[in-house]
Amino acid sequence: MMKFEVAPAFEAGSVAATEWPLCHVRLQDDARFPWLILIPRVKGAVELEDLSVEQRAMLIEETVRAGALVRRLGLVEKLNVGAIGNVTAQLHVHVVGRRRDDGLWPDPVWGRGPVVPYTDEERGRLLSILSSSS
């Protein structure tokens, strides 16, 4: 059995945060937005249809769970949830916290820079919150 692997593109802009029953959870390394990425550990999954009915239900529950955590990571007025996959085909779901004064409101955040990486201290604090929620 092959080990689950995260597409290399995720390594460049996010950090591993925790493991949930279905998903590998990553923190997007962009201090402008509290932002998690959920990657189902299902080999070859590109589309939602590649998941079983049970896995799809679990993904929805983990997406809701991620939304609650994103609200704990920063000031959030609205959650944006998307499974786009045009750049990285591996099935993944973005859960992004937005607010009216975030600089890109109301536009989407994907591909809009410049990215502002977290300081080591802040990244560590957020990862601590995420790992304690497992």
# chains A, B, ... in the order shown; residues from 1 in each chain; ligands from 1

$ residues_around --residues "range 113-128 of chain A" --least-positions-apart "4" --cutoff "6 Å" --atoms "only C-alpha atoms" --output "list in words"
Ala17, Asp29, Asp30 and Ala31 of chain A

$ residues_around --residues "range 64-77 of chain A" --least-positions-apart "5" --cutoff "6 Å" --atoms "only C-alpha atoms" --output "number ranges by chain"
A: 34, 97-99

$ atom_distance --atom1 "CA of His92 in chain A" --atom2 "CA of Ile37 in chain A"
6.6 Å

$ closest_residue --among "A:Leu91, A:Ile39, A:Phe33, A:Leu59" --to "Arg112 in chain A" --atoms "only C-alpha atoms"
A:Phe33

$ select_by_dssp --residues "range 26-62 of chain A" --states "helix (DSSP H, G or I)" --output "PyMOL selection string"
chain A and resi 48-50+53-62

$ closest_residue --among "A:Leu130, A:Ala57, A:Val96, A:Ala7" --to "Val25 in chain A" --atoms "only C-alpha atoms"
A:Leu130

$ residues_around --residues "Val87 in chain A" --least-positions-apart "4" --cutoff "12 Å" --atoms "only C-alpha atoms" --output "ChimeraX atom specification"
/A:7-10,46,83,91-92,110-111

$ atom_distance --atom1 "CA of Glu54 in chain A" --atom2 "CA of Glu19 in chain A"
17.9 Å

$ atom_distance --atom1 "CA of His24 in chain A" --atom2 "CA of Gly103 in chain A"
28.9 Å

$ closest_residue --among "A:Leu22, A:Leu27, A:Val6, A:Leu48" --to "Ile129 in chain A" --atoms "only C-alpha atoms"
A:Leu27

$ closest_residue --among "A:Asp101, A:Trp35, A:Gln90, A:Thr63" --to "Trp20 in chain A" --atoms "only C-alpha atoms"
A:Thr63

$ select_by_dssp --residues "chain A" --states "strand (DSSP E)" --output "list in words"
Ser14, Val15, Ala16, Ala17, Thr18, Glu19, Cys23, His24, Val25, Arg26, Leu27, Gln28, Trp35, Leu36, Ile37, Leu38, Ile39, Pro40, Lys78, Leu79, Asn80, Val81, Gly82, Val93, His94, Val95, Val96, Gly97 and Arg98 of chain A

$ write_last_selection --atoms "N, CA and C atoms" --output "PDB file, in the first residue's frame"
ATOM      1  N   SER A  14       2.249  26.355   2.540  1.00  0.00           N
ATOM      2  CA  SER A  14       1.501  26.000   3.746  1.00  0.00           C
ATOM      3  C   SER A  14       2.335  25.055   4.599  1.00  0.00           C
ATOM      4  N   VAL A  15       1.894  24.882   5.837  1.00  0.00           N
ATOM      5  CA  VAL A  15       2.605  23.994   6.754  1.00  0.00           C
ATOM      6  C   VAL A  15       1.640  22.961   7.331  1.00  0.00           C
ATOM      7  N   ALA A  16       2.146  21.750   7.519  1.00  0.00           N
ATOM      8  CA  ALA A  16       1.336  20.688   8.111  1.00  0.00           C
ATOM      9  C   ALA A  16       0.913  21.104   9.506  1.00  0.00           C
ATOM     10  N   ALA A  17      -0.370  20.914   9.811  1.00  0.00           N
ATOM     11  CA  ALA A  17      -0.899  21.342  11.108  1.00  0.00           C
ATOM     12  C   ALA A  17      -1.343  20.159  11.966  1.00  0.00           C
ATOM     13  N   THR A  18      -2.133  19.262  11.381  1.00  0.00           N
ATOM     14  CA  THR A  18      -2.663  18.140  12.161  1.00  0.00           C
ATOM     15  C   THR A  18      -3.265  17.114  11.207  1.00  0.00           C
ATOM     16  N   GLU A  19      -3.680  15.994  11.774  1.00  0.00           N
ATOM     17  CA  GLU A  19      -4.347  14.937  11.008  1.00  0.00           C
ATOM     18  C   GLU A  19      -5.724  14.702  11.616  1.00  0.00           C
ATOM     19  N   CYS A  23      -8.860  13.888   6.676  1.00  0.00           N
ATOM     20  CA  CYS A  23      -8.003  14.888   6.041  1.00  0.00           C
ATOM     21  C   CYS A  23      -6.686  15.158   6.759  1.00  0.00           C
ATOM     22  N   HIS A  24      -5.696  15.408   5.929  1.00  0.00           N
ATOM     23  CA  HIS A  24      -4.452  16.031   6.354  1.00  0.00           C
ATOM     24  C   HIS A  24      -4.776  17.526   6.359  1.00  0.00           C
ATOM     25  N   VAL A  25      -4.475  18.224   7.462  1.00  0.00           N
ATOM     26  CA  VAL A  25      -4.845  19.632   7.608  1.00  0.00           C
ATOM     27  C   VAL A  25      -3.586  20.484   7.566  1.00  0.00           C
ATOM     28  N   ARG A  26      -3.626  21.543   6.756  1.00  0.00           N
ATOM     29  CA  ARG A  26      -2.493  22.443   6.613  1.00  0.00           C
ATOM     30  C   ARG A  26      -2.922  23.874   6.912  1.00  0.00           C
ATOM     31  N   LEU A  27      -2.008  24.644   7.469  1.00  0.00           N
ATOM     32  CA  LEU A  27      -2.194  26.078   7.691  1.00  0.00           C
ATOM     33  C   LEU A  27      -1.558  26.810   6.523  1.00  0.00           C
ATOM     34  N   GLN A  28      -2.343  27.606   5.814  1.00  0.00           N
ATOM     35  CA  GLN A  28      -1.789  28.431   4.737  1.00  0.00           C
ATOM     36  C   GLN A  28      -0.903  29.487   5.382  1.00  0.00           C
ATOM     37  N   TRP A  35      -6.512  30.665   7.469  1.00  0.00           N
ATOM     38  CA  TRP A  35      -6.781  29.865   6.276  1.00  0.00           C
ATOM     39  C   TRP A  35      -6.267  28.454   6.490  1.00  0.00           C
ATOM     40  N   LEU A  36      -7.168  27.490   6.368  1.00  0.00           N
ATOM     41  CA  LEU A  36      -6.796  26.081   6.451  1.00  0.00           C
ATOM     42  C   LEU A  36      -7.056  25.394   5.118  1.00  0.00           C
ATOM     43  N   ILE A  37      -6.275  24.361   4.853  1.00  0.00           N
ATOM     44  CA  ILE A  37      -6.463  23.525   3.671  1.00  0.00           C
ATOM     45  C   ILE A  37      -6.666  22.099   4.163  1.00  0.00           C
ATOM     46  N   LEU A  38      -7.738  21.484   3.714  1.00  0.00           N
ATOM     47  CA  LEU A  38      -8.044  20.099   4.049  1.00  0.00           C
ATOM     48  C   LEU A  38      -7.748  19.228   2.834  1.00  0.00           C
ATOM     49  N   ILE A  39      -6.926  18.216   3.014  1.00  0.00           N
ATOM     50  CA  ILE A  39      -6.570  17.324   1.912  1.00  0.00           C
ATOM     51  C   ILE A  39      -6.975  15.906   2.307  1.00  0.00           C
ATOM     52  N   PRO A  40      -8.052  15.387   1.698  1.00  0.00           N
ATOM     53  CA  PRO A  40      -8.450  14.016   2.026  1.00  0.00           C
ATOM     54  C   PRO A  40      -7.321  13.038   1.697  1.00  0.00           C
ATOM     55  N   LYS A  78     -16.846  36.258   7.651  1.00  0.00           N
ATOM     56  CA  LYS A  78     -17.425  35.357   6.644  1.00  0.00           C
ATOM     57  C   LYS A  78     -16.406  34.280   6.314  1.00  0.00           C
ATOM     58  N   LEU A  79     -16.879  33.053   6.178  1.00  0.00           N
ATOM     59  CA  LEU A  79     -16.018  31.960   5.744  1.00  0.00           C
ATOM     60  C   LEU A  79     -16.161  31.767   4.242  1.00  0.00           C
ATOM     61  N   ASN A  80     -15.045  31.636   3.559  1.00  0.00           N
ATOM     62  CA  ASN A  80     -15.036  31.258   2.147  1.00  0.00           C
ATOM     63  C   ASN A  80     -14.534  29.825   2.086  1.00  0.00           C
ATOM     64  N   VAL A  81     -15.282  28.967   1.414  1.00  0.00           N
ATOM     65  CA  VAL A  81     -14.915  27.558   1.274  1.00  0.00           C
ATOM     66  C   VAL A  81     -14.871  27.235  -0.206  1.00  0.00           C
ATOM     67  N   GLY A  82     -13.768  26.638  -0.646  1.00  0.00           N
ATOM     68  CA  GLY A  82     -13.659  26.313  -2.058  1.00  0.00           C
ATOM     69  C   GLY A  82     -12.796  25.096  -2.319  1.00  0.00           C
ATOM     70  N   VAL A  93      -9.674  21.233   0.004  1.00  0.00           N
ATOM     71  CA  VAL A  93     -10.687  22.244   0.295  1.00  0.00           C
ATOM     72  C   VAL A  93     -10.035  23.376   1.080  1.00  0.00           C
ATOM     73  N   HIS A  94     -10.203  24.594   0.588  1.00  0.00           N
ATOM     74  CA  HIS A  94      -9.725  25.784   1.290  1.00  0.00           C
ATOM     75  C   HIS A  94     -10.842  26.287   2.196  1.00  0.00           C
ATOM     76  N   VAL A  95     -10.493  26.640   3.424  1.00  0.00           N
ATOM     77  CA  VAL A  95     -11.432  27.271   4.353  1.00  0.00           C
ATOM     78  C   VAL A  95     -10.744  28.553   4.813  1.00  0.00           C
ATOM     79  N   VAL A  96     -11.259  29.693   4.326  1.00  0.00           N
ATOM     80  CA  VAL A  96     -10.596  30.979   4.508  1.00  0.00           C
ATOM     81  C   VAL A  96     -11.500  31.924   5.285  1.00  0.00           C
ATOM     82  N   GLY A  97     -10.937  32.535   6.318  1.00  0.00           N
ATOM     83  CA  GLY A  97     -11.670  33.544   7.074  1.00  0.00           C
ATOM     84  C   GLY A  97     -11.513  34.903   6.417  1.00  0.00           C
ATOM     85  N   ARG A  98     -12.633  35.570   6.214  1.00  0.00           N
ATOM     86  CA  ARG A  98     -12.630  36.888   5.567  1.00  0.00           C
ATOM     87  C   ARG A  98     -13.292  37.914   6.468  1.00  0.00           C
TER      88      ARG A  98
END

$ closest_residue --among "A:Glu61, A:Arg32, A:Asn86, A:Lys43" --to "Val109 in chain A" --atoms "only C-alpha atoms"
A:Arg32
